Every structure is written in structure tokens, then in C-alpha cells.
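Visitor: Structure file start-v7.tsv, TSV, C-alpha atoms and all ligand atoms, is pasted below:
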chain	number	residue	atom	x	y	z
A	280	MET	CA	0.00	0.00	0.00
A	281	LYS	CA	1.42	3.37	-1.00
A	282	TYR	CA	1.70	6.25	1.48
A	283	ARG	CA	-1.12	8.78	1.46
A	284	SER	CA	1.19	11.54	0.22
A	285	GLU	CA	2.39	9.33	-2.61
A	286	ILE	CA	-1.21	8.55	-3.66
A	287	THR	CA	-2.12	12.24	-3.47
A	288	ASN	CA	0.82	13.15	-5.70
A	289	LEU	CA	-0.10	10.46	-8.22
A	290	ILE	CA	-3.66	11.84	-8.46
A	291	LYS	CA	-2.40	15.41	-8.82
A	292	LYS	CA	0.03	14.39	-11.54
A	293	GLU	CA	-2.64	12.46	-13.47
A	294	SER	CA	-5.08	15.40	-13.25
A	295	LYS	CA	-2.49	17.63	-14.94
A	296	ARG	CA	-1.91	14.99	-17.60
A	297	LEU	CA	-5.65	14.99	-18.29
A	298	GLY	CA	-5.49	18.73	-18.90
A	299	PHE	CA	-6.81	20.15	-15.64
A	300	PHE	CA	-5.38	23.55	-14.82
A	301	ASP	CA	-5.10	22.98	-11.09
A	302	ILE	CA	-6.31	20.64	-8.38
A	303	GLY	CA	-7.09	21.06	-4.68
A	304	ILE	CA	-8.09	18.48	-2.11
A	305	SER	CA	-10.29	18.90	0.97
A	306	ARG	CA	-12.14	16.80	3.52
A	307	ALA	CA	-15.73	15.88	2.65
A	308	GLU	CA	-17.25	17.74	5.59
A	309	LYS	CA	-20.21	20.01	6.14
A	310	LEU	CA	-19.74	23.59	4.87
A	311	THR	CA	-20.97	25.19	8.11
A	312	ASP	CA	-19.98	28.77	7.20
A	313	GLU	CA	-21.96	28.55	3.99
A	314	GLU	CA	-25.22	27.60	5.71
A	315	ILE	CA	-26.03	31.11	6.98
A	316	ARG	CA	-24.83	32.80	3.80
A	317	LEU	CA	-26.91	30.53	1.56
A	318	LYS	CA	-30.03	30.91	3.71
A	319	LYS	CA	-29.69	34.71	3.67
A	320	TRP	CA	-29.18	34.78	-0.11
A	321	LEU	CA	-32.23	32.59	-0.74
A	322	ASP	CA	-34.38	34.56	1.74
A	323	ARG	CA	-33.56	37.77	-0.13
A	324	GLY	CA	-34.78	36.16	-3.36
A	325	TYR	CA	-31.45	36.87	-5.06
A	326	HIS	CA	-31.75	33.56	-6.93
A	327	GLY	CA	-34.65	34.98	-8.98
A	328	SER	CA	-36.71	32.22	-10.56
A	329	MET	CA	-33.95	29.60	-10.10
A	330	SER	CA	-36.08	27.75	-7.55
A	331	TYR	CA	-33.92	24.63	-7.97
A	332	MET	CA	-31.37	26.51	-5.82
A	333	GLU	CA	-33.70	25.94	-2.86
A	334	ASN	CA	-33.60	22.17	-3.33
A	335	TYR	CA	-31.13	19.72	-1.85
A	336	PHE	CA	-30.31	22.18	0.93
A	337	ASP	CA	-28.68	19.56	3.21
A	338	LYS	CA	-26.85	17.85	0.39
A	339	ARG	CA	-25.50	21.16	-0.88
A	340	LEU	CA	-23.97	21.92	2.47
A	341	ASP	CA	-22.55	18.50	3.09
A	342	PRO	CA	-20.65	16.73	0.28
A	343	SER	CA	-20.48	13.56	2.39
A	344	LYS	CA	-24.24	13.20	1.84
A	345	LEU	CA	-23.72	12.84	-1.90
A	346	VAL	CA	-21.51	9.74	-1.84
A	347	PRO	CA	-21.83	7.00	0.77
A	348	GLY	CA	-18.80	7.01	3.09
A	349	ALA	CA	-17.27	10.04	1.34
A	350	LYS	CA	-14.04	11.27	2.87
A	351	THR	CA	-12.55	13.56	0.26
A	352	VAL	CA	-13.49	16.19	-2.28
A	353	ILE	CA	-11.08	16.64	-5.17
A	354	SER	CA	-11.77	20.03	-6.79
A	355	LEU	CA	-10.43	20.63	-10.28
A	356	MET	CA	-10.13	23.68	-12.54
A	357	TYR	CA	-10.40	23.51	-16.33
A	358	ASN	CA	-9.36	26.56	-18.34
A	359	TYR	CA	-11.70	28.09	-20.93
A	360	HIS	CA	-10.01	31.44	-21.48
A	361	THR	CA	-9.38	32.54	-25.04
A	362	ASP	CA	-8.27	35.81	-26.62
A	363	LYS	CA	-10.47	35.02	-29.60
A	364	GLN	CA	-13.49	37.21	-30.04
A	365	PRO	CA	-15.80	38.20	-32.88
A	366	TYR	CA	-13.78	39.99	-35.56
A	367	GLU	CA	-16.30	42.82	-35.92
A	368	GLY	CA	-15.86	45.11	-32.93
A	369	ASP	CA	-19.56	45.90	-32.60
A	370	ALA	CA	-20.85	42.32	-33.00
A	371	LEU	CA	-23.17	41.07	-30.27
A	372	LYS	CA	-21.46	39.17	-27.46
A	373	VAL	CA	-21.57	35.67	-26.02
A	374	SER	CA	-19.74	34.79	-22.82
A	375	LYS	CA	-16.44	33.02	-23.51
A	376	TYR	CA	-17.40	29.90	-21.60
A	377	ALA	CA	-20.09	29.17	-24.18
A	378	TYR	CA	-17.94	29.46	-27.33
A	379	GLY	CA	-17.27	25.76	-27.75
A	380	ARG	CA	-18.66	22.33	-26.99
A	381	ASP	CA	-20.79	21.91	-23.87
A	382	TYR	CA	-18.28	21.83	-20.98
A	383	HIS	CA	-20.37	19.40	-18.91
A	384	LYS	CA	-19.59	16.60	-21.36
A	385	VAL	CA	-15.93	17.53	-21.87
A	386	ILE	CA	-15.13	17.78	-18.16
A	387	LYS	CA	-17.26	14.90	-16.93
A	388	LYS	CA	-15.39	12.61	-19.30
A	389	LYS	CA	-12.06	13.74	-17.88
A	390	LEU	CA	-13.26	13.41	-14.28
A	391	ASN	CA	-14.41	9.86	-14.97
A	392	LYS	CA	-10.99	9.11	-16.48
A	393	LEU	CA	-9.38	10.34	-13.25
A	394	LEU	CA	-11.74	8.12	-11.24
A	395	GLU	CA	-10.80	5.16	-13.45
A	396	PHE	CA	-7.13	5.94	-12.88
A	397	ILE	CA	-7.63	5.93	-9.10
A	398	ASN	CA	-9.49	2.60	-9.24
A	399	LYS	CA	-6.86	1.04	-11.46
A	400	GLU	CA	-3.63	2.43	-10.06
A	401	ILE	CA	-4.45	3.02	-6.41
A	402	GLY	CA	-7.29	0.75	-5.35
A	403	GLU	CA	-11.03	0.44	-5.55
A	404	VAL	CA	-12.90	3.53	-4.39
A	405	THR	CA	-16.51	4.58	-4.37
A	406	GLY	CA	-16.82	7.96	-6.01
A	407	ARG	CA	-18.86	10.28	-8.16
A	408	ALA	CA	-18.03	13.07	-10.59
A	409	PHE	CA	-19.82	16.42	-10.58
A	410	VAL	CA	-19.69	19.34	-13.02
A	411	ASP	CA	-21.77	22.44	-12.42
A	412	SER	CA	-24.21	20.19	-10.64
A	413	ALA	CA	-27.13	21.64	-8.66
A	414	PRO	CA	-26.48	19.96	-5.30
A	415	VAL	CA	-22.78	20.90	-5.10
A	416	LEU	CA	-21.47	24.23	-3.75
A	417	GLU	CA	-18.50	24.08	-6.08
A	418	LYS	CA	-16.92	27.42	-5.28
A	419	ALA	CA	-17.06	26.90	-1.50
A	420	LEU	CA	-15.47	23.47	-1.90
A	421	ALA	CA	-12.76	24.90	-4.16
A	422	VAL	CA	-11.99	27.57	-1.54
A	423	ARG	CA	-11.69	24.93	1.12
A	424	SER	CA	-9.27	22.99	-1.07
A	425	GLY	CA	-7.00	26.01	-1.56
A	426	LEU	CA	-7.75	26.68	-5.24
A	427	GLY	CA	-8.47	30.34	-4.64
A	428	TRP	CA	-10.68	32.84	-2.88
A	429	ILE	CA	-14.16	34.17	-3.59
A	430	GLY	CA	-13.72	37.61	-5.14
A	431	LYS	CA	-16.02	40.59	-4.68
A	432	ASN	CA	-17.62	39.51	-7.99
A	433	THR	CA	-18.47	36.22	-6.18
A	434	LEU	CA	-16.34	34.16	-8.58
A	435	LEU	CA	-13.48	31.92	-7.55
A	436	ILE	CA	-10.18	33.71	-8.19
A	437	ASN	CA	-6.88	31.91	-8.45
A	438	LYS	CA	-3.78	33.99	-7.85
A	439	TYR	CA	-1.93	32.51	-10.81
A	440	LYS	CA	-4.72	31.67	-13.25
A	441	GLY	CA	-7.47	34.27	-12.71
A	442	SER	CA	-11.09	33.16	-12.97
A	443	TYR	CA	-11.78	31.91	-16.51
A	444	PHE	CA	-12.13	28.24	-15.65
A	445	PHE	CA	-14.79	25.62	-15.03
A	446	LEU	CA	-14.91	23.70	-11.80
A	447	GLY	CA	-15.53	20.01	-11.39
A	448	GLU	CA	-15.35	17.64	-8.42
A	449	LEU	CA	-14.70	14.03	-7.59
A	450	ILE	CA	-16.12	12.98	-4.24
A	451	ILE	CA	-14.52	9.73	-3.09
A	452	ASP	CA	-14.30	7.51	-0.02
A	453	LEU	CA	-10.51	7.58	0.14
A	454	GLU	CA	-8.49	9.74	2.54
A	455	LEU	CA	-5.80	11.90	0.93
A	456	VAL	CA	-3.49	14.71	2.02
A	457	TYR	CA	-5.59	17.86	2.32
A	458	ASP	CA	-4.71	21.34	1.04
A	459	GLU	CA	-5.05	24.55	3.03
A	460	PRO	CA	-7.30	27.47	2.00
A	461	VAL	CA	-5.55	30.61	0.73
A	462	SER	CA	-6.23	34.21	1.78
A	463	SER	CA	-8.28	36.72	-0.22
A	464	HIS	CA	-6.43	39.18	-2.47
A	465	CYS	CA	-9.19	41.56	-3.51
A	466	GLY	CA	-7.92	44.21	-1.10
A	467	ASN	CA	-9.31	47.69	-1.84
A	468	CYS	CA	-10.10	46.89	-5.48
A	469	THR	CA	-13.69	47.60	-6.58
A	470	LYS	CA	-13.26	47.23	-10.35
A	471	CYS	CA	-15.89	44.51	-10.76
A	472	ILE	CA	-18.46	46.37	-8.64
A	473	ASP	CA	-17.87	49.60	-10.58
A	474	ALA	CA	-17.99	47.89	-13.98
A	475	CYS	CA	-21.15	45.81	-13.51
A	476	PRO	CA	-23.71	47.52	-15.80
A	477	THR	CA	-26.76	46.31	-13.87
A	478	ASP	CA	-25.46	46.83	-10.31
A	479	ALA	CA	-25.90	43.13	-9.64
A	480	ILE	CA	-22.94	43.07	-7.23
A	481	SER	CA	-23.58	44.57	-3.79
A	482	ILE	CA	-21.75	47.81	-2.91
A	483	GLU	CA	-19.38	46.01	-0.54
A	484	GLY	CA	-18.98	43.08	-2.94
A	485	TYR	CA	-19.08	39.36	-2.18
A	486	GLU	CA	-22.83	39.20	-2.79
A	487	LEU	CA	-24.59	38.88	-6.13
A	488	ASN	CA	-28.21	39.60	-6.82
A	489	ALA	CA	-28.47	36.98	-9.54
A	490	SER	CA	-31.87	38.29	-10.61
A	491	LYS	CA	-30.10	41.48	-11.84
A	492	CYS	CA	-27.13	39.73	-13.44
A	493	ILE	CA	-26.96	39.66	-17.26
A	494	SER	CA	-25.97	35.98	-17.12
A	495	TYR	CA	-29.19	35.16	-15.31
A	496	LEU	CA	-31.33	37.49	-17.44
A	497	THR	CA	-30.08	36.07	-20.74
A	498	ILE	CA	-30.00	32.38	-19.76
A	499	GLU	CA	-32.11	31.46	-16.73
A	500	HIS	CA	-34.85	34.07	-16.81
A	501	LYS	CA	-38.07	33.08	-18.52
A	502	GLY	CA	-40.47	35.56	-20.12
A	503	ASN	CA	-39.66	39.14	-21.03
A	504	ILE	CA	-36.52	40.79	-19.70
A	505	PRO	CA	-37.67	43.62	-17.39
A	506	ASN	CA	-37.52	47.10	-18.94
A	507	GLU	CA	-35.25	48.42	-16.19
A	508	PHE	CA	-32.38	46.59	-17.95
A	509	LYS	CA	-32.87	48.33	-21.31
A	510	GLY	CA	-29.63	49.85	-22.50
A	511	LYS	CA	-27.62	48.04	-19.82
A	512	MET	CA	-26.87	44.72	-21.47
A	513	GLU	CA	-23.62	45.92	-23.09
A	514	ASP	CA	-24.57	43.89	-26.21
A	515	TYR	CA	-24.42	40.58	-24.35
A	516	ILE	CA	-26.95	38.06	-25.66
A	517	PHE	CA	-25.77	35.01	-23.70
A	518	GLY	CA	-23.96	35.35	-20.37
A	519	CYS	CA	-21.61	38.21	-19.45
A	520	ASP	CA	-17.85	38.45	-18.85
A	521	ILE	CA	-17.55	42.06	-17.72
A	522	CYS	CA	-16.69	41.44	-14.05
A	523	GLN	CA	-14.01	38.99	-15.16
A	524	GLU	CA	-12.61	41.20	-17.91
A	525	VAL	CA	-11.90	44.02	-15.49
A	526	CYS	CA	-10.44	41.82	-12.74
A	527	PRO	CA	-6.69	42.44	-12.40
A	528	TRP	CA	-6.14	38.76	-11.59
A	529	ASN	CA	-7.14	37.89	-15.17
A	530	ARG	CA	-4.32	39.99	-16.64
A	531	PHE	CA	-2.19	36.90	-17.06
A	532	ALA	CA	-4.97	34.50	-18.06
A	533	GLU	CA	-3.54	31.97	-20.49
A	534	ASN	CA	-5.42	30.65	-23.50
A	535	HIS	CA	-6.85	27.17	-23.17
A	536	ASN	CA	-5.64	24.37	-25.42
A	537	GLU	CA	-8.88	22.38	-25.50
A	538	PRO	CA	-9.91	21.83	-29.15
A	539	ASP	CA	-13.52	21.19	-28.03
A	540	PHE	CA	-13.77	24.77	-26.71
A	541	GLU	CA	-12.70	26.42	-29.96
A	542	PRO	CA	-15.33	28.83	-31.34
A	543	LYS	CA	-16.64	28.21	-34.85
A	544	GLU	CA	-15.27	30.51	-37.56
A	545	GLU	CA	-18.85	31.35	-38.62
A	546	PHE	CA	-19.55	32.60	-35.11
A	547	LEU	CA	-16.44	34.80	-35.03
A	548	LYS	CA	-17.34	36.24	-38.45
A	549	MET	CA	-20.88	37.29	-37.46
A	550	LYS	CA	-21.51	40.99	-38.06
A	551	ARG	CA	-23.78	43.06	-35.85
A	552	GLU	CA	-26.57	43.30	-38.41
A	553	GLU	CA	-26.42	39.55	-39.09
A	554	TRP	CA	-27.33	38.86	-35.46
A	555	PHE	CA	-30.54	40.82	-35.83
A	556	ASP	CA	-31.52	38.61	-38.82
A	557	LEU	CA	-30.56	35.32	-37.11
A	558	SER	CA	-32.69	32.48	-38.48
A	559	GLU	CA	-33.35	29.21	-36.67
A	560	ASP	CA	-31.18	27.34	-39.17
A	561	LYS	CA	-28.29	29.73	-38.60
A	562	PHE	CA	-28.78	29.41	-34.82
A	563	LYS	CA	-28.40	25.61	-35.15
A	564	GLU	CA	-25.38	25.98	-37.41
A	565	LEU	CA	-23.63	28.37	-35.00
A	566	PHE	CA	-24.50	26.78	-31.66
A	567	TYR	CA	-25.26	23.08	-32.07
A	568	GLY	CA	-23.52	21.26	-29.17
A	569	THR	CA	-22.61	24.46	-27.29
A	570	PRO	CA	-24.12	25.74	-24.00
A	571	VAL	CA	-26.01	28.41	-25.99
A	572	VAL	CA	-28.66	25.88	-27.08
A	573	ARG	CA	-29.94	26.10	-23.52
A	574	THR	CA	-31.89	29.25	-24.36
A	575	LYS	CA	-33.28	27.60	-27.52
A	576	TYR	CA	-33.72	29.73	-30.62
A	577	GLU	CA	-36.65	31.69	-29.15
A	578	GLY	CA	-34.67	32.60	-26.02
A	579	LEU	CA	-31.68	33.89	-27.96
A	580	ARG	CA	-33.96	35.86	-30.28
A	581	ARG	CA	-35.60	37.43	-27.24
A	582	ASN	CA	-32.15	38.50	-26.00
A	583	ILE	CA	-31.12	39.83	-29.41
A	584	GLU	CA	-34.32	41.83	-29.75
A	585	PHE	CA	-33.92	43.23	-26.23
A	586	VAL	CA	-30.42	44.47	-27.06
A	587	ASN	CA	-31.66	45.93	-30.34
A	588	LYS	CA	-34.46	48.04	-28.82
A	601	LIG	S1	-21.68	38.79	-15.02
A	601	LIG	FE1	-22.04	40.89	-15.78
A	601	LIG	S2	-24.04	41.48	-14.97
A	601	LIG	FE2	-23.36	39.66	-13.80
A	601	LIG	S3	-22.33	40.52	-12.02
A	601	LIG	FE3	-20.74	40.24	-13.58
A	601	LIG	S4	-20.65	42.21	-14.66
A	601	LIG	FE4	-22.55	42.17	-13.48
A	602	LIG	S1	-12.10	43.05	-9.83
A	602	LIG	FE1	-11.01	43.51	-7.93
A	602	LIG	S2	-12.58	43.35	-6.33
A	602	LIG	FE2	-13.39	42.36	-8.14
A	602	LIG	S3	-12.89	40.21	-7.88
A	602	LIG	FE3	-11.23	41.11	-9.06
A	602	LIG	S4	-9.70	41.74	-7.54
A	602	LIG	FE4	-11.61	41.35	-6.44
Now, as a test, write the supplied structure out as C-alpha cells.
Ligand code: SF4
Ligand code: SF4
Guide:
Amino acid sequence: MKYRSEITNLIKKESKRLGFFDIGISRAEKLTDEEIRLKKWLDRGYHGSMSYMENYFDKRLDPSKLVPGAKTVISLMYNYHTDKQPYEGDALKVSKYAYGRDYHKVIKKKLNKLLEFINKEIGEVTGRAFVDSAPVLEKALAVRSGLGWIGKNTLLINKYKGSYFFLGELIIDLELVYDEPVSSHCGNCTKCIDACPTDAISIEGYELNASKCISYLTIEHKGNIPNEFKGKMEDYIFGCDICQEVCPWNRFAENHNEPDFEPKEEFLKMKREEWFDLSEDKFKELFYGTPVVRTKYEGLRRNIEFVNK
């Protein structure tokens, strides 16, 4: 039987080989600090119509309830940053994370490969992979595992990599060597709060009123977008990257090297006026297999028309 530190190093090394940006490991224990924060956030109705956020309350706070006998959460970061953007400066905008193939599939596959590696090379474990999954408080777990801190924009920030990455988790019943949380480095900066066009971030930061966030309004929100947001969407029609773009910790963000996340040439070539004429066939051609299909054609058209008014 290998030493725990040796096993931990093997898993970390394999995660890098699989293309993960970084990895952090924490105990599968209840997130007690998050309980009050989550209750307060839900009570204020900041989750808008995302009522699924109210479900699985106990499971969300306690990763050990998701996998029988769970001892460890392995949190992993997967880079999606790219310098590529539509060639026409005034083209409508889609958040960078949605440029390529649906990340759930890409990352889940890699997480399952890591689980297979553990079972084959280390010993049989019970475990489960999660990617952007409703019952998991991914950011809080990543903080606990030392991957970064929660910035005033409420995103996970890594001192060396910024914030343009997806998170995924493996919850397993094997004890490993655990990482320590890192301190916050937002300091006196308020760039994200100042730049948010809809004032979705609270004045002091660290709290997001999701029901005012462009990401929520363009993706999760059903029905008409409220008139109070007219002229504030900054041409975003799916998601929003503004509070990441202005964050100083993203200055050194590297480009990903995941072929599945590459944007289609046709998408990059879209001119502003072409967006306003988007047909259903063109929508399918541009976005088949990407996260944008979530809004369906009608949803994206609603967003385009709202920006155009
Ligand atoms: S994603 Fe956009 S709208 Fe949402 S908080 Fe950040 S800057 Fe504001
Ligand atoms: S922009 Fe400034 S305040 Fe906002 S998350 Fe980044 S470092 Fe923190």
C-alpha cells in the first residue's frame, strides 16, 4: 500500500496529464460557514426564478451526503479562457465559456478518467463526478481545497490563473493529504463592482443579486426581460464576462488548449446586423452542441431583440 502523500501526488500528476489547470483536495465535511450565507441569499430572493437553488439544501452543504462514506473532495479547474473574439468590434457578445462544446460533457469525461485511474492504479474507491451540478457548492469546496478565494464579484479567483475556468469535483471515499485554504487578495479593489452595468454586485462586494445579473437574465430568466435593464446589457446576448474582464487577476490568463472549446469561424465572423436577422437554421449551425442551445432559438432571439431596442 502506498503512502497517502504518494497517492495524493499520483492523483495530482494524473489530473495535470488529463489537462486540468489545477487541483485542490479537501475533507468531505459540512460547509458550516456557507449555511447562513446561503439561507440569507435565498431569503432575499437573489436567486430569482432559479427555484432549484432551494432544493437539496442539506446535500448542498454537506458533500459527504452525496456519496456514501465520502471522505474527500477533489476540486479541479479547467481553463476556458481565449483571446479570440468576434472579428467585428460591434458584433453582439456571447460569454467566452459558451464558445465551444458543452463543458459538462468535456469535463465529466475527464473526471471519470481520473476516477478510473484511481481505481486502477491506487485501489477500488466509491466515487462520483460532478460538473456544475445543482447539489454541489463548487466554489465553496474549491476555496476549502485552496484553489483560490471568492472575489467581490463572487467568482473563484486563483492567484496565478485568474477566474476563466470551469470547476468540477470528484467525491470519493478515500483519505488523501488535504490542502489549506488561501487568503483573499481583492484588497481595496472595486473594479468589478464599478464595472457591472446592472449593479448586480452589492456595494461592498461578495454578494450577487443573480436576478439582476446579465448571465441570469439572458439564460435562466423566462419571459420578457424587465424594462429596467434596457440599454444596460452591453450587447451581451448570452452570459456576461464584464466582471471577469476588469479583474486584475485575469491579466495573465492563459489561452486554453482544448480543441472542443474552440469557437466556430462562422460565429467569429458574425456581423452586428447579421445577429438581428438570425434564423433558426443559422442558430443551429452556430451553436449546435454548445451551452447556448440552452436558451433555444426563441430565447436567444428574445435576448437579441432586447439588445436591439
Ligand atoms: S456577469 Fe455581468 S451582470 Fe453579472 S455581475 Fe458580472 S458584470 Fe454584473
Ligand atoms: S475586480 Fe477587484 S474586487 Fe473584483 S474580484 Fe477582481 S480583484 Fe476582487
Visitor: Collect all residues with atoms no farther than 8 Å from ligand LIG 601 (chain A), counting all atoms listed in the file, and output them as a JSON list (two decimals) with C-alpha atoms, in the coordinates of the input.
Guide:
[["chain", "number", "residue", "atom", "x", "y", "z"],
["A", 432, "ASN", "CA", -17.62, 39.51, -7.99],
["A", 471, "CYS", "CA", -15.89, 44.51, -10.76],
["A", 472, "ILE", "CA", -18.46, 46.37, -8.64],
["A", 474, "ALA", "CA", -17.99, 47.89, -13.98],
["A", 475, "CYS", "CA", -21.15, 45.81, -13.51],
["A", 476, "PRO", "CA", -23.71, 47.52, -15.80],
["A", 477, "THR", "CA", -26.76, 46.31, -13.87],
["A", 478, "ASP", "CA", -25.46, 46.83, -10.31],
["A", 479, "ALA", "CA", -25.90, 43.13, -9.64],
["A", 480, "ILE", "CA", -22.94, 43.07, -7.23],
["A", 487, "LEU", "CA", -24.59, 38.88, -6.13],
["A", 488, "ASN", "CA", -28.21, 39.60, -6.82],
["A", 489, "ALA", "CA", -28.47, 36.98, -9.54],
["A", 491, "LYS", "CA", -30.10, 41.48, -11.84],
["A", 492, "CYS", "CA", -27.13, 39.73, -13.44],
["A", 493, "ILE", "CA", -26.96, 39.66, -17.26],
["A", 494, "SER", "CA", -25.97, 35.98, -17.12],
["A", 495, "TYR", "CA", -29.19, 35.16, -15.31],
["A", 512, "MET", "CA", -26.87, 44.72, -21.47],
["A", 518, "GLY", "CA", -23.96, 35.35, -20.37],
["A", 519, "CYS", "CA", -21.61, 38.21, -19.45],
["A", 520, "ASP", "CA", -17.85, 38.45, -18.85],
["A", 521, "ILE", "CA", -17.55, 42.06, -17.72],
["A", 522, "CYS", "CA", -16.69, 41.44, -14.05],
["A", 523, "GLN", "CA", -14.01, 38.99, -15.16]]
Visitor: Enter the distance from CA of Glu507 (chain A) to CA of Arg323 (chain A), in Å, rounded to one decimal.
Guide: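 Interatomic distance, CA of Glu507 (chain A) to CA of Arg323 (chain A): 19.3 Å.
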Visitor: Could you give me, as a ChimeraX atom specification, the residues within 7 Å of region 438-450 of chain A, counting only C-alpha atoms and dropping anything in the same chain fewer than 3 positions from it?
Guide: /A:346,349,351-360,390,406-411,417,427,434-435,523,528-529,531-532
Visitor: Residues up to 6 Å from ligand LIG 602 (chain A), counting all atoms listed in the file: could you list those as a list in words?
Guide: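 Listing the residues within 6 Å of ligand LIG 602 (chain A) gives Gly430, Lys431, Asn432, Cys465, Cys468, Thr469, Lys470, Cys471, Val525, Cys526 and Pro527 of chain A.
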Visitor: Enter the distance from CA of Phe555 (chain A) to CA of Asn587 (chain A), in Å, rounded to one decimal.
Guide: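 CA of Asn587 (chain A) lies 7.6 Å from CA of Phe555 (chain A).
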Visitor: So which one's closest to Ile436 (chain A), A:Ser490, A:Ser463, A:Ser424, A:Ser284? Using only C-alpha atoms, please.
Guide: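 Residue with the minimum atom-to-atom distance to Ile436 (chain A): A:Ser463.
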Visitor: What's around Ile290 (chain A) at 9 Å? Count all atoms listed in the file, leave out sequence neighbours fewer than 6 positions away in its own chain, and write the answer as a PyMOL selection string.
Guide: chain A and resi 393+396-397
Visitor: When you look at Pro542 (chain A) with a cut-off of 12 Å (counting all atoms listed in the file), what residues show up, excluding the ones that are within fewer than 2 positions of it in the same chain? I need them as an MDAnalysis selection string.
Guide: chainID A and resid 359:365 373:381 535 537:540 544:549 565:571
Visitor: Got a sec to check which residues sit within 6 Å of (-29.7, 35.1, -21.8), counting only C-alpha atoms, and write them as a VMD selection string?
Guide: chain A and resid 496 to 498 516 to 518 582
Visitor: Nearest to Phe336 (chain A): which of A:Ile302, A:Leu310, A:Ile504, A:Leu289 is it, counting all atoms listed in the file?
Guide: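 So, comparing all the options, the nearest one is A:Leu310.
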Visitor: Would you compute the distance between CA of Ile304 (chain A) and CA of Tyr457 (chain A)? Give it in Å to one decimal.
Guide: 5.1 Å
Visitor: Rank nothing, just name the residue among A:Trp554, A:Asn467, A:Ala419, A:Met332 nearest to Asp369 (chain A), using all atoms listed in the file.
Guide: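 Under the stated criterion, the closest residue is A:Trp554.
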